[in-house]
Amino acid sequence: MKRRLVLIQPLVVRLFHWAITAGVILLVITGFYIAWPTGWVPFLNMRTARELHFSTGFITIFLVLGRFYYAVATGDYHNLLFRLRDFRQVPALLRFTFFLQDRSPDQEKYNVGQKFLFTSWFIVFVLVALSGVILYQPDPWEVILPFVGGLQGMRYFQFTVALFFALTIFLHVYLAAIDDPARLQAIFTGWIRVSSDKPEGGERTPSK
Amino acid sequence: MLTRREFIKLCLGAGAGFSLGSTVLPRLAEAITALERRPPVIWLEVQTCTGNFLSFLNTLNPRLQELIFEIIDLRYGNTMMAAEGEQAIRALEDVARDARGEYILVVDGAVPTKDGGIYGAIGHHPDGRLFTDLEAVETLGPGARYVVAAGSCAAFGGPYAANPNPTGAKPVSMVLDRQVINVPGCPIHPDWLVATLSHLLLYGVPDLDPYNRPTMIYGDTVHDNCPRRQYFENSIFAAHPGDSGCTYKIGCKGPVTFTDCPTRQWSGEHLSWPVEANTPCIGCVAPEFPDGMEPFFEQLPDVKLPGVTVTARTAAAVAGIVTAGGIGAHLVGSVLTGRLARNWVGKTETTKTNPGTGPGGEEKTLSKREARKDASWRGRRRPAGKLARGKDRNHHERVQSEREGEKE
């Protein structure tokens, strides 16, 4: 059988992926420490946790902005954005996920579950970044505080989002690992090893 | 060279911001005394525990006697006045009529609005009808020169408007269609009200924040000026009320509460305040108080779902367990159905090669060296005997042929 390699995760995508991953994980850990400071995180006190949290937060905001620009500029957003028409594929994906059918539904670069996750992550990240900036420096934002539940409301929102990210990151890693380990390799190397001459996921010609 | 007015303004700001009341406020009292006429004041207690008025009685500079006999003209006050019944109501109607546009209306307490406001009344009209709190506020509010909501109940609803709010209690600002200056606190610090009244008399409406609170009092968070901030930064936390150290871990709401308690301090002589007494700030001046600040000894509000209320900590634990359980169950399912074996033992190559839209899609075939390494790696990972046993050995080829069959 003829074997080939296909580049499905270019270097820029991988760099953004791992940088944002590191940023979000650090934000979640320091965020939970700020909410419930305990001794389970060694060498961390509130000052360090807050400095790490704020600096990582601002860096991650710029990383996400960069990734957003890249997605728009290269058309990559088509792969990531969940659209209304994607709802049609949800039943098949659920049947596959819950072992009611053996074959995974046809997909483009990502399946609709992943696209839903990516889209929700982006929306939630924008909101949590705004709430984080408000908590970091409330004075310039005092006009909108009454409409967003005040600082306590912002803090509660941050907690909810941290929980969402913490849990969905686990889900994302698990599903990526269990469903198609070959594609999991690609997020490290960029390349995927292909055993068939004929691609399964459609005949779309990638734009360069 | 400062003018007298500028000096007083400076002192007022300093007095409000840095708790210099004992030196500054007597001068303010003198300045206010110099006014031609003492402004009439109506202190209307509606749905209240009277805590704000009792706290206000503890004013030091000026003292209560100076305040009500030399500075303001207190015409009506449920707790203070000697008159009662019809005589009291008549006094209220008189001042509302004779001093229209001049009097300052201080409302203490939330306004019950449910069922026409029958759950709170200040008395009866001469004809015997109930004179409800709602009617009193609606009648007196429009004619006042200034309306001051004293205490958290009047400013934001407070405990009376807390869930389930059986009386439909509302803050004054939701009853009146005009500017209401909010001076929250549970109870209010006497300086906060005296400083606000002083500013109103001398200079008019002070700078207000978006919640209509004077910024000279509610400009900084408790956390910003907390004397235990260093404990916070170094994670030296009190484990229980009564312990020394930062009270953040036992629910201090100082980081989200705007007021000057740490610098002004309480207990009459400005001697102490909650954190000084080793108990957390409960955020009593915040608009979200008390529902949004509960539990008082937890950092975050409870998670309220239909029929269930749990702490944020419990909600996080349950969500984590449910997610872990879901992933675990799916993993077991993947093992039992052979999906895991298919994907991990059977192959690390795919037939799904669509790189999607955008960069990527570049292809190359394995070089001879890569192919050798690949074959060697495969040989180690997939011994022939095991492969032969696996029913899914040719899964992808099978699926591919099935699909091609379907297409045909």
# chains A, B, ... in the order shown; residues from 1 in each chain; ligands from 1
$ closest_atom_pairs --of "segment 133-171 of chain A" --to "segment 189-209 of chain B" --cutoff "10 Å" --atoms "only C-alpha atoms" --output "tab-separated table"
residue	atom	partner	partner_atom	distance
A:Asp139	CA	B:Asp209	CA	9.9
A:Glu142	CA	B:Asp209	CA	7.4
A:Val143	CA	B:Asp209	CA	7.8
$ select_by_dssp --residues "segment 3-176 of chain A" --states "strand (DSSP E)" --output "number ranges by chain"
A: 4-7
$ write_last_selection --atoms "C-alpha atoms" --output "PDB file, in the first residue's frame"
ATOM      1  CA  ARG A   4       2.036   9.330   2.145  1.00  0.00           C
ATOM      2  CA  LEU A   5       2.182  12.163   4.612  1.00  0.00           C
ATOM      3  CA  VAL A   6      -0.207  15.077   4.539  1.00  0.00           C
ATOM      4  CA  LEU A   7       0.417  18.360   6.337  1.00  0.00           C
TER       5      LEU A   7
END
$ residues_around --residues "Gly143 of chain B" --least-positions-apart "4" --cutoff "12 Å" --atoms "only C-alpha atoms" --output "JSON list (two decimals) with N, CA and C atoms, in the first residue's frame"
[["chain", "number", "residue", "atom", "x", "y", "z"],
["B", 42, "ILE", "N", -36.73, 65.98, 56.08],
["B", 42, "ILE", "CA", -37.69, 64.93, 56.44],
["B", 42, "ILE", "C", -36.94, 63.61, 56.46],
["B", 93, "GLU", "N", -47.39, 66.68, 56.38],
["B", 93, "GLU", "CA", -48.10, 67.34, 55.27],
["B", 93, "GLU", "C", -47.78, 68.83, 55.23],
["B", 95, "VAL", "N", -44.95, 70.38, 56.18],
["B", 95, "VAL", "CA", -43.62, 70.65, 55.63],
["B", 95, "VAL", "C", -43.58, 70.36, 54.13],
["B", 96, "ALA", "N", -44.33, 69.32, 53.73],
["B", 96, "ALA", "CA", -44.37, 68.99, 52.30],
["B", 96, "ALA", "C", -45.01, 70.13, 51.52],
["B", 97, "ARG", "N", -45.98, 70.80, 52.11],
["B", 97, "ARG", "CA", -46.67, 71.89, 51.42],
["B", 97, "ARG", "C", -45.88, 73.21, 51.54],
["B", 98, "ASP", "N", -45.45, 73.54, 52.76],
["B", 98, "ASP", "CA", -44.85, 74.86, 53.00],
["B", 98, "ASP", "C", -43.40, 74.95, 52.50],
["B", 99, "ALA", "N", -42.69, 73.85, 52.53],
["B", 99, "ALA", "CA", -41.26, 73.91, 52.14],
["B", 99, "ALA", "C", -41.01, 73.16, 50.84],
["B", 100, "ARG", "N", -42.01, 73.14, 50.00],
["B", 100, "ARG", "CA", -41.86, 72.42, 48.72],
["B", 100, "ARG", "C", -40.68, 73.00, 47.92],
["B", 101, "GLY", "N", -39.83, 72.11, 47.45],
["B", 101, "GLY", "CA", -38.66, 72.55, 46.70],
["B", 101, "GLY", "C", -37.48, 72.92, 47.58],
["B", 102, "GLU", "N", -37.68, 72.91, 48.89],
["B", 102, "GLU", "CA", -36.58, 73.28, 49.80],
["B", 102, "GLU", "C", -36.11, 72.11, 50.66],
["B", 103, "TYR", "N", -37.02, 71.27, 51.03],
["B", 103, "TYR", "CA", -36.65, 70.24, 52.01],
["B", 103, "TYR", "C", -35.81, 69.13, 51.37],
["B", 104, "ILE", "N", -35.02, 68.52, 52.25],
["B", 104, "ILE", "CA", -34.23, 67.35, 51.85],
["B", 104, "ILE", "C", -34.96, 66.13, 52.38],
["B", 105, "LEU", "N", -35.25, 65.21, 51.50],
["B", 105, "LEU", "CA", -35.93, 63.98, 51.90],
["B", 105, "LEU", "C", -34.90, 62.88, 52.09],
["B", 136, "ALA", "N", -46.14, 57.60, 50.70],
["B", 136, "ALA", "CA", -45.34, 58.66, 51.32],
["B", 136, "ALA", "C", -44.15, 59.04, 50.44],
["B", 137, "VAL", "N", -43.45, 58.03, 49.94],
["B", 137, "VAL", "CA", -42.28, 58.31, 49.11],
["B", 137, "VAL", "C", -42.71, 58.96, 47.80],
["B", 138, "GLU", "N", -43.78, 58.42, 47.21],
["B", 138, "GLU", "CA", -44.25, 58.99, 45.93],
["B", 138, "GLU", "C", -44.76, 60.42, 46.10],
["B", 139, "THR", "N", -45.32, 60.72, 47.28],
["B", 139, "THR", "CA", -45.86, 62.06, 47.51],
["B", 139, "THR", "C", -44.77, 63.06, 47.82],
["B", 147, "VAL", "N", -33.15, 64.13, 47.24],
["B", 147, "VAL", "CA", -33.59, 62.88, 47.86],
["B", 147, "VAL", "C", -32.36, 62.05, 48.15],
["B", 176, "LEU", "N", -39.11, 56.43, 42.54],
["B", 176, "LEU", "CA", -39.18, 57.84, 42.11],
["B", 176, "LEU", "C", -38.52, 58.02, 40.75],
["B", 177, "ASP", "N", -39.10, 58.87, 39.96],
["B", 177, "ASP", "CA", -38.54, 59.16, 38.64],
["B", 177, "ASP", "C", -37.73, 60.46, 38.74],
["B", 178, "ARG", "N", -36.68, 60.41, 39.54],
["B", 178, "ARG", "CA", -35.82, 61.57, 39.69],
["B", 178, "ARG", "C", -34.49, 61.11, 40.29]]
$ residues_around --residues "Leu117 of chain A" --least-positions-apart "6" --cutoff "10 Å" --atoms "only C-alpha atoms" --output "list in words"
Leu80, Leu81, Phe82, Thr168, Ile169, Leu171 and His172 of chain A
$ write_last_selection --atoms "C-alpha atoms" --output "PDB file, in the first residue's frame"
ATOM      1  CA  LEU A  80     -13.259  26.258  13.184  1.00  0.00           C
ATOM      2  CA  LEU A  81     -16.541  28.115  13.020  1.00  0.00           C
ATOM      3  CA  PHE A  82     -19.701  26.269  13.998  1.00  0.00           C
ATOM      4  CA  THR A 168     -13.797  21.178  28.265  1.00  0.00           C
ATOM      5  CA  ILE A 169     -10.016  21.046  27.919  1.00  0.00           C
ATOM      6  CA  LEU A 171     -12.987  16.661  27.106  1.00  0.00           C
ATOM      7  CA  HIS A 172     -11.127  18.026  24.084  1.00  0.00           C
TER       8      HIS A 172
END
$ select_by_dssp --residues "segment 68-146 of chain A" --states "alpha helix (DSSP H)" --output "PyMOL selection string"
chain A and resi 68-74+77-80+90-97+112-136
$ residues_around --residues "Val64 of chain A" --least-positions-apart "5" --cutoff "9 Å" --atoms "only C-alpha atoms" --output "PyMOL selection string"
chain A and resi 16+20+59+69+122+125
